[in-house]
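Content type CSV, C-alpha atoms, from the file start-v1.csv:
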```csv
chain,number,residue,atom,x,y,z
A,74,MET,CA,3.9,38.6,26.3
A,75,ALA,CA,6.9,37.0,24.9
A,76,ASP,CA,8.3,39.0,22.1
A,77,GLN,CA,11.1,36.6,21.1
A,78,ALA,CA,11.3,33.0,20.2
A,79,LEU,CA,13.5,30.8,22.2
A,80,ARG,CA,15.2,27.8,20.7
A,81,LYS,CA,14.8,24.8,23.0
A,82,ALA,CA,16.8,21.6,22.7
A,83,PRO,CA,14.3,18.8,21.9
A,84,LEU,CA,15.3,16.6,24.8
A,85,ALA,CA,16.4,19.3,27.3
A,86,GLY,CA,16.5,18.2,30.9
A,87,ARG,CA,15.7,14.5,30.2
A,88,HIS,CA,17.8,11.8,31.7
A,89,GLY,CA,17.3,8.1,32.2
A,90,GLY,CA,18.7,4.6,31.9
A,91,SER,CA,19.8,2.0,34.4
A,92,SER,CA,22.9,1.1,36.3
A,93,GLY,CA,24.1,-0.7,33.1
A,94,ALA,CA,23.3,1.8,30.4
A,95,ARG,CA,23.1,5.5,30.7
A,96,VAL,CA,20.8,7.4,28.3
A,97,THR,CA,21.5,11.1,27.9
A,98,PRO,CA,20.7,13.8,25.3
A,99,ALA,CA,23.9,15.0,23.5
A,100,GLY,CA,24.8,18.6,23.1
A,101,PRO,CA,24.0,20.5,19.9
A,102,ALA,CA,26.0,19.8,16.8
A,103,THR,CA,26.1,20.8,13.2
A,104,ARG,CA,25.2,18.2,10.7
A,105,LEU,CA,25.4,17.9,6.9
A,106,ALA,CA,23.7,15.4,4.6
A,107,LEU,CA,26.2,15.0,1.8
A,108,ARG,CA,25.8,13.3,-1.6
A,109,ALA,CA,28.7,13.2,-4.0
A,110,GLY,CA,30.1,11.0,-6.8
A,111,SER,CA,33.3,9.1,-6.5
A,112,ASP,CA,35.2,11.8,-8.4
A,113,ALA,CA,34.4,14.5,-5.8
A,114,ILE,CA,35.4,12.4,-2.7
A,115,GLY,CA,39.1,13.5,-2.7
A,116,THR,CA,38.3,17.2,-2.9
A,117,LEU,CA,35.6,17.0,-0.3
A,118,SER,CA,37.8,14.9,2.1
A,119,LEU,CA,40.5,17.6,1.8
A,120,ALA,CA,38.0,20.4,2.6
A,121,PHE,CA,36.4,18.7,5.6
A,122,GLY,CA,39.8,17.5,6.9
A,123,LEU,CA,38.9,13.8,7.1
A,124,GLU,CA,38.8,10.9,4.7
A,125,LEU,CA,35.2,10.3,3.6
A,126,PRO,CA,34.7,6.5,4.2
A,127,GLN,CA,33.9,4.4,1.2
A,128,ARG,CA,33.2,1.1,2.7
A,129,PRO,CA,29.8,0.1,4.1
A,130,LYS,CA,29.2,0.6,7.8
A,131,THR,CA,32.4,2.6,8.4
A,132,SER,CA,33.0,6.1,9.6
A,133,ALA,CA,35.9,8.6,10.0
A,134,SER,CA,36.4,10.8,13.1
A,135,VAL,CA,38.8,13.7,13.7
A,136,THR,CA,38.5,15.8,16.9
A,137,GLY,CA,34.7,15.9,17.3
A,138,ARG,CA,34.0,15.8,13.6
A,139,HIS,CA,32.5,12.5,12.2
A,140,ALA,CA,31.8,11.4,8.6
A,141,LEU,CA,29.4,8.4,8.5
A,142,TRP,CA,29.0,6.2,5.4
A,143,LEU,CA,25.2,5.9,4.8
A,144,GLY,CA,25.2,4.8,1.2
A,145,PRO,CA,27.5,4.4,-1.8
A,146,ASP,CA,27.4,8.1,-2.5
A,147,GLU,CA,25.9,9.4,0.7
A,148,TRP,CA,27.4,10.6,4.0
A,149,LEU,CA,26.2,12.2,7.3
A,150,LEU,CA,28.7,14.7,8.6
A,151,ILE,CA,28.5,15.7,12.3
A,152,ASP,CA,30.6,18.4,14.0
A,153,GLU,CA,30.2,18.4,17.8
A,154,ASN,CA,32.2,21.7,18.0
A,155,GLY,CA,29.6,23.5,15.9
A,156,ALA,CA,31.8,24.2,12.9
A,157,ASP,CA,30.0,25.7,9.8
A,158,LEU,CA,30.0,22.5,7.7
A,159,LEU,CA,27.7,24.0,5.0
A,160,GLY,CA,30.2,26.9,4.7
A,161,ILE,CA,33.0,24.5,4.1
A,162,ALA,CA,30.9,22.5,1.5
A,163,SER,CA,29.9,25.7,-0.3
A,164,GLY,CA,33.6,26.4,-0.9
A,165,VAL,CA,34.1,23.2,-2.8
A,166,SER,CA,33.8,23.4,-6.5
A,167,ALA,CA,33.6,19.7,-7.2
A,168,LEU,CA,30.0,18.6,-7.9
A,169,HIS,CA,28.2,17.6,-4.8
A,170,SER,CA,25.0,18.1,-2.9
A,171,ALA,CA,25.0,19.3,0.7
A,172,THR,CA,22.0,20.0,3.0
A,173,ASP,CA,22.3,21.4,6.5
A,174,VAL,CA,20.3,19.1,8.8
A,175,SER,CA,21.7,20.4,12.1
A,176,HIS,CA,18.3,21.0,13.6
A,177,ARG,CA,16.5,18.2,11.9
A,178,ASN,CA,18.4,15.6,13.9
A,179,THR,CA,19.2,15.3,17.5
A,180,THR,CA,21.4,12.8,19.3
A,181,ILE,CA,21.0,10.5,22.2
A,182,LEU,CA,24.1,9.0,23.8
A,183,VAL,CA,23.9,5.5,25.2
A,184,SER,CA,26.8,4.3,27.2
A,185,GLY,CA,27.7,1.6,29.7
A,186,PRO,CA,28.1,-2.2,29.7
A,187,ASP,CA,24.5,-2.7,28.8
A,188,ALA,CA,24.4,-0.1,26.1
A,189,ALA,CA,24.3,-2.6,23.2
A,190,ALA,CA,21.5,-4.5,24.9
A,191,ALA,CA,19.5,-1.3,25.5
A,192,ILE,CA,19.7,-0.4,21.8
A,193,ALA,CA,19.1,-4.0,20.6
A,194,ALA,CA,15.8,-3.9,22.5
A,195,ALA,CA,14.3,-2.1,19.5
A,196,CYS,CA,17.1,-2.3,16.8
A,197,PRO,CA,17.5,-5.3,14.5
A,198,LEU,CA,21.2,-4.5,13.7
A,199,ASP,CA,23.8,-7.0,14.9
A,200,LEU,CA,25.9,-5.0,17.4
A,201,GLY,CA,28.5,-7.7,18.0
A,202,THR,CA,32.1,-6.4,18.2
A,203,SER,CA,33.2,-8.4,15.2
A,204,VAL,CA,30.6,-7.0,12.8
A,205,PHE,CA,30.0,-3.6,14.5
A,206,PRO,CA,33.3,-2.6,15.9
A,207,VAL,CA,34.2,0.8,17.4
A,208,GLY,CA,33.8,3.4,14.6
A,209,ALA,CA,31.1,1.4,12.8
A,210,ALA,CA,28.1,3.4,11.6
A,211,ALA,CA,24.8,2.5,9.9
A,212,ARG,CA,21.4,3.9,9.1
A,213,THR,CA,18.9,1.4,10.6
A,214,VAL,CA,15.6,1.3,12.5
A,215,LEU,CA,14.8,1.7,16.2
A,216,GLY,CA,11.3,0.5,16.9
A,217,LYS,CA,9.1,2.5,14.5
A,218,ILE,CA,11.6,5.2,13.5
A,219,GLU,CA,14.8,5.5,11.4
A,220,ILE,CA,18.0,6.2,13.2
A,221,VAL,CA,21.7,6.5,12.4
A,222,LEU,CA,23.9,4.6,14.8
A,223,LEU,CA,27.5,5.3,15.4
A,224,ARG,CA,29.7,3.3,17.8
A,225,THR,CA,32.0,5.8,19.4
A,226,GLY,CA,33.6,3.5,22.0
A,227,LYS,CA,33.5,-0.1,23.3
A,228,GLU,CA,30.5,0.7,25.4
A,229,ASP,CA,29.4,4.0,23.8
A,230,TYR,CA,26.9,4.6,21.1
A,231,ARG,CA,25.6,7.8,19.4
A,232,VAL,CA,21.9,7.5,18.2
A,233,GLU,CA,21.0,10.1,15.7
A,234,CYS,CA,17.2,10.5,15.1
A,235,TRP,CA,14.9,13.2,13.8
A,236,ARG,CA,14.0,15.8,16.5
A,237,SER,CA,10.3,15.2,16.3
A,238,PHE,CA,10.8,11.5,16.9
A,239,SER,CA,13.3,12.1,19.7
A,240,PRO,CA,10.9,11.7,22.7
A,241,TYR,CA,9.9,8.3,21.2
A,242,ALA,CA,13.5,7.3,20.7
A,243,PHE,CA,14.5,8.4,24.2
A,244,GLY,CA,11.6,6.6,25.8
A,245,MET,CA,12.4,3.5,23.8
A,246,LEU,CA,16.1,3.5,24.8
A,247,VAL,CA,15.3,4.2,28.4
A,248,GLU,CA,12.9,1.2,28.4
A,249,GLY,CA,15.6,-0.9,26.7
A,250,ALA,CA,18.2,0.2,29.3
A,251,GLU,CA,15.8,-0.7,32.2
A,252,ASP,CA,15.0,-4.1,30.6
A,253,ALA,CA,18.7,-4.8,30.0
A,254,GLY,CA,19.4,-4.2,33.7
A,255,LEU,CA,16.9,-6.7,34.9
B,175,MET,CA,12.4,-12.3,10.8
B,176,LEU,CA,13.7,-12.4,7.3
B,177,LEU,CA,17.3,-11.5,6.6
B,178,ILE,CA,17.9,-9.9,3.2
B,179,TYR,CA,21.3,-9.6,1.7
B,180,CYS,CA,22.0,-6.0,0.5
B,181,PRO,CA,24.6,-6.0,-2.3
B,182,TYR,CA,25.6,-2.4,-1.5
B,183,CYS,CA,26.0,-2.9,2.3
B,184,GLU,CA,27.5,-6.4,1.5
B,185,GLU,CA,25.7,-8.1,4.4
B,186,GLU,CA,22.4,-9.5,5.5
B,187,ARG,CA,20.1,-7.0,7.2
B,188,SER,CA,16.7,-7.3,8.8
B,189,GLU,CA,13.6,-7.2,6.6
B,190,LEU,CA,12.5,-4.1,8.6
B,191,GLU,CA,15.0,-2.0,6.8
B,192,PHE,CA,13.7,-2.9,3.3
B,193,ARG,CA,10.8,-2.1,1.1
B,194,HIS,CA,9.4,-4.0,-1.8
B,195,GLY,CA,9.6,-2.3,-5.2
B,196,GLY,CA,7.6,-4.5,-7.7
B,197,ASP,CA,8.8,-6.6,-10.6
B,198,ALA,CA,12.4,-6.2,-11.8
B,199,HIS,CA,13.7,-6.2,-15.4
B,200,VAL,CA,10.6,-4.4,-16.7
B,201,ALA,CA,12.1,-2.5,-19.7
B,202,ARG,CA,10.6,0.9,-20.4
B,203,PRO,CA,9.8,1.3,-24.1
B,204,THR,CA,12.1,3.7,-25.8
B,205,ASN,CA,9.3,4.9,-28.2
B,206,MET,CA,6.8,5.7,-25.5
B,207,ALA,CA,4.8,8.2,-27.6
B,208,ASP,CA,4.3,5.8,-30.5
B,209,ILE,CA,3.1,2.6,-28.7
B,210,SER,CA,-0.6,1.6,-28.6
B,211,ASP,CA,-2.8,1.7,-25.5
B,212,GLU,CA,-2.6,-2.1,-25.3
B,213,GLU,CA,1.2,-2.1,-25.5
B,214,PHE,CA,1.3,0.6,-22.8
B,215,GLN,CA,-1.1,-1.5,-20.6
B,216,GLU,CA,1.2,-4.5,-21.0
B,217,PHE,CA,4.2,-2.5,-20.0
B,218,PHE,CA,2.7,-0.5,-17.2
B,219,PHE,CA,0.0,-2.6,-15.5
B,220,LEU,CA,0.3,-6.3,-16.4
B,221,ARG,CA,2.5,-8.5,-14.3
B,222,ASP,CA,2.8,-12.3,-14.2
B,223,ASN,CA,2.4,-13.0,-10.4
B,224,PRO,CA,4.2,-16.4,-10.7
B,225,LYS,CA,4.1,-19.1,-8.2
B,226,GLY,CA,7.7,-19.8,-7.2
B,227,LEU,CA,10.7,-17.9,-8.6
B,228,ILE,CA,10.3,-14.2,-9.1
B,229,PHE,CA,12.7,-11.4,-9.8
B,230,GLU,CA,11.9,-8.2,-7.9
B,231,ARG,CA,13.2,-4.8,-7.0
B,232,TRP,CA,13.8,-4.1,-3.4
B,233,ARG,CA,14.9,-0.9,-1.7
B,234,HIS,CA,17.1,-0.8,1.4
B,235,ILE,CA,15.2,2.3,2.4
B,236,HIS,CA,16.2,2.4,6.1
B,237,GLY,CA,19.8,1.5,5.3
B,238,CYS,CA,21.9,2.6,2.3
B,239,GLY,CA,18.8,3.8,0.4
B,240,ARG,CA,19.7,1.9,-2.7
B,241,PHE,CA,17.4,-0.1,-5.1
B,242,PHE,CA,18.6,-3.6,-5.9
B,243,ASN,CA,17.2,-6.7,-7.5
B,244,ALA,CA,16.5,-10.0,-5.7
B,245,ALA,CA,15.4,-13.5,-6.8
B,246,ARG,CA,12.8,-14.8,-4.3
B,247,ASP,CA,10.4,-17.7,-4.0
B,248,THR,CA,6.9,-16.5,-3.7
B,249,VAL,CA,5.8,-19.7,-1.9
B,250,SER,CA,8.5,-20.1,0.7
B,251,ASP,CA,9.7,-16.4,0.8
B,252,LYS,CA,13.3,-17.7,0.5
B,253,PHE,CA,15.6,-15.2,-1.1
B,254,TYR,CA,17.8,-17.1,-3.5
B,255,ARG,CA,20.2,-14.2,-4.1
B,256,SER,CA,20.2,-10.5,-4.5
B,257,TYR,CA,22.3,-8.4,-7.0
B,258,LYS,CA,22.9,-4.8,-7.9
B,259,ALA,CA,20.5,-2.9,-10.0
B,260,GLY,CA,21.6,-3.0,-13.7
B,261,GLU,CA,23.1,-6.4,-13.5
B,262,PRO,CA,21.5,-9.1,-15.7
B,263,LYS,CA,19.0,-11.6,-14.5
B,264,PRO,CA,21.1,-14.4,-12.8
B,265,ASP,CA,20.6,-18.1,-13.2
B,266,ILE,CA,19.4,-19.7,-10.0
B,267,PRO,CA,20.7,-23.3,-10.1
B,268,GLY,CA,18.1,-26.0,-9.5
B,269,VAL,CA,15.2,-23.6,-9.7
B,270,THR,CA,13.0,-23.3,-12.7
B,271,THR,CA,10.4,-20.6,-13.4
B,272,ALA,CA,6.8,-21.6,-13.0
B,273,THR,CA,4.8,-22.6,-16.1
B,274,GLU,CA,1.0,-22.7,-16.6
B,275,LYS,CA,1.1,-26.4,-16.0
B,276,THR,CA,2.8,-26.2,-12.6
B,277,VAL,CA,0.6,-23.3,-11.3
B,278,GLU,CA,-2.8,-23.9,-9.9
B,279,THR,CA,-4.8,-21.5,-11.9
B,280,TYR,CA,-8.3,-20.4,-11.1
B,281,GLU,CA,-9.7,-22.2,-14.2
B,282,ALA,CA,-8.1,-25.5,-13.1
B,283,THR,CA,-9.3,-25.5,-9.5
B,284,GLU,CA,-12.6,-23.8,-9.8
B,285,GLY,CA,-13.7,-24.6,-13.3
B,286,THR,CA,-15.2,-22.0,-15.5
B,287,ALA,CA,-18.1,-21.5,-13.1
B,288,LYS,CA,-20.7,-21.7,-15.8
```

Kindly present the structure from the file in structure tokens form.
Amino acid sequence: MADQALRKAPLAGRHGGSSGARVTPAGPATRLALRAGSDAIGTLSLAFGLELPQRPKTSASVTGRHALWLGPDEWLLIDENGADLLGIASGVSALHSATDVSHRNTTILVSGPDAAAAIAAACPLDLGTSVFPVGAAARTVLGKIEIVLLRTGKEDYRVECWRSFSPYAFGMLVEGAEDAGL
Amino acid sequence: MLLIYCPYCEEERSELEFRHGGDAHVARPTNMADISDEEFQEFFFLRDNPKGLIFERWRHIHGCGRFFNAARDTVSDKFYRSYKAGEPKPDIPGVTTATEKTVETYEATEGTAK
């Protein structure tokens, strides 16, 4: 009988896509849902080591750490190196709210020349380069679920979704990638 | 698909990202404990349901999460404009609010059914 609980990555071992768009689960990361007023932005930016973006659909990235603008006082922070984001936030005295959502979310990476078409199969957001350039980020929908989309490169996207929805999101993106390759 | 302008995201986004939030500019009485049941009913339950121009609250729930107000036509579903919560009711040029004379009421079309 198993006497210990093993933590399994929600999409472990999955792979898919087409010749034009590769769909792969991303490695683990720490994530923080951050809310703060405009007076705390400076202090928080200093603590996290990146400038919290204040314009819609923008993000800031420094060596594997991303800050995504979600709303006028709301950000999603992602650290791919597993840094203790909540620990950093707890050391900031300026008024803010921070919630660790590292294990609530999981990430799917979509890359390749058909990546935008694969996502657009179920996402209504305009992914054109002029309105959604590299570094753009937005909370939006993918089929029936909510996602947070970050464009990390010309043909690379990071799709953040809740872990319990991840098989749906993965299946949807794989279908989209196959359709885009036809 | 309807495109709705979000004043916080400063662009048009798909209707799939939004949720309707009922009538806008409904002021909550400041003396809630003192008002009569009829006055409370008026504030809490009764809405106009106009034909034509209406001012509504909308929430960009799958986007920035913010509530904002929008002027919409209930017949054509056209969004005249949207504006941030807290801003006054805007004038929509060329559009007038519906009156009892311009609306087909039940009494006018069906009679009193006596």

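Nearest-residue note for chain A: choosing from B:Thr273, B:Ser256, B:Ser250, B:Ser188, the minimum distance belongs to B:Ser188, counting only C-alpha atoms.
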
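For the atom pair formed by CA of Pro197 in chain A and CA of Thr103 in chain A, the distance is 27.5 Å, given to one decimal.
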
**OP:** Would you kindly report the residues of chain B within 7 Å of chain A, using all atoms listed in the file, as a PyMOL selection string?
**Re:** chain B and resi 183+188+191+236-239

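Here CA of Ala120 in chain A and CA of His176 in chain A stand 22.6 Å from one another.
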
Original post:
Please, what distance in Å, to one decimal, runs between CA of His88 in chain A and CA of Ser239 in chain A?
Top reply: 12.8 Å

Enclose the full set of atoms of range 162-168 of chain A listed in the file within a box whose edges lie along x, y and z, apply 3 Å of padding to each of the six sides, and report centre and edge lengths in Å to one decimal as JSON.
```
{"center_x": 32.0, "center_y": 22.5, "center_z": -3.2, "size_x": 10.2, "size_y": 13.8, "size_z": 15.4}
```

Original post:
Quick one: residues within 12 Å of Asn223 in chain B, all atoms listed in the file counted, chain neighbours fewer than 3 positions away excluded, as a VMD selection string?
Top reply: chain B and resid 196 to 197 219 to 220 226 to 230 247 to 249 271 to 274 277 279

Original post:
Between A:Gly86, A:Gly254, A:Gly244, A:Gly122, which has the minimum distance to Leu158 in chain A (counting only C-alpha atoms)?
Top reply: A:Gly122

Original post:
Neighbours of Pro83 in chain A within 9 Å (only C-alpha atoms; same-chain residues fewer than 2 positions away dropped), as a list in words?
Top reply: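 Answer for this query is Lys81, Ala85, Pro98, Thr179, Arg236, Ser237, Ser239 and Pro240 of chain A.
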
Please save C-alpha atoms of the selected residues as an mmCIF file, in the frame of the given file.
```
data_model
loop_
_atom_site.group_PDB
_atom_site.id
_atom_site.type_symbol
_atom_site.label_atom_id
_atom_site.label_comp_id
_atom_site.auth_asym_id
_atom_site.auth_seq_id
_atom_site.Cartn_x
_atom_site.Cartn_y
_atom_site.Cartn_z
ATOM 1 C CA LYS A 81 14.800 24.800 23.000
ATOM 2 C CA ALA A 85 16.400 19.300 27.300
ATOM 3 C CA PRO A 98 20.700 13.800 25.300
ATOM 4 C CA THR A 179 19.200 15.300 17.500
ATOM 5 C CA ARG A 236 14.000 15.800 16.500
ATOM 6 C CA SER A 237 10.300 15.200 16.300
ATOM 7 C CA SER A 239 13.300 12.100 19.700
ATOM 8 C CA PRO A 240 10.900 11.700 22.700
#
```

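Of the residues listed (B:His194, B:Asp251, B:Pro262, B:Phe214), B:His194 shows the shortest atom-to-atom separation from Arg231 in chain B; distances use only C-alpha atoms.
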
Skipping near chain neighbours, those fewer than 4 positions away, what residues fall within 10 Å of Glu261 in chain B using all atoms listed in the file, listed as a PDB file with C-alpha atoms, in the frame of the given file?
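Saved file part.pdb follows:
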```pdb
ATOM      1  CA  HIS B 199      13.700  -6.200 -15.400  1.00  0.00           C
ATOM      2  CA  PHE B 242      18.600  -3.600  -5.900  1.00  0.00           C
ATOM      3  CA  ASN B 243      17.200  -6.700  -7.500  1.00  0.00           C
ATOM      4  CA  TYR B 257      22.300  -8.400  -7.000  1.00  0.00           C
TER       5      TYR B 257
END
```
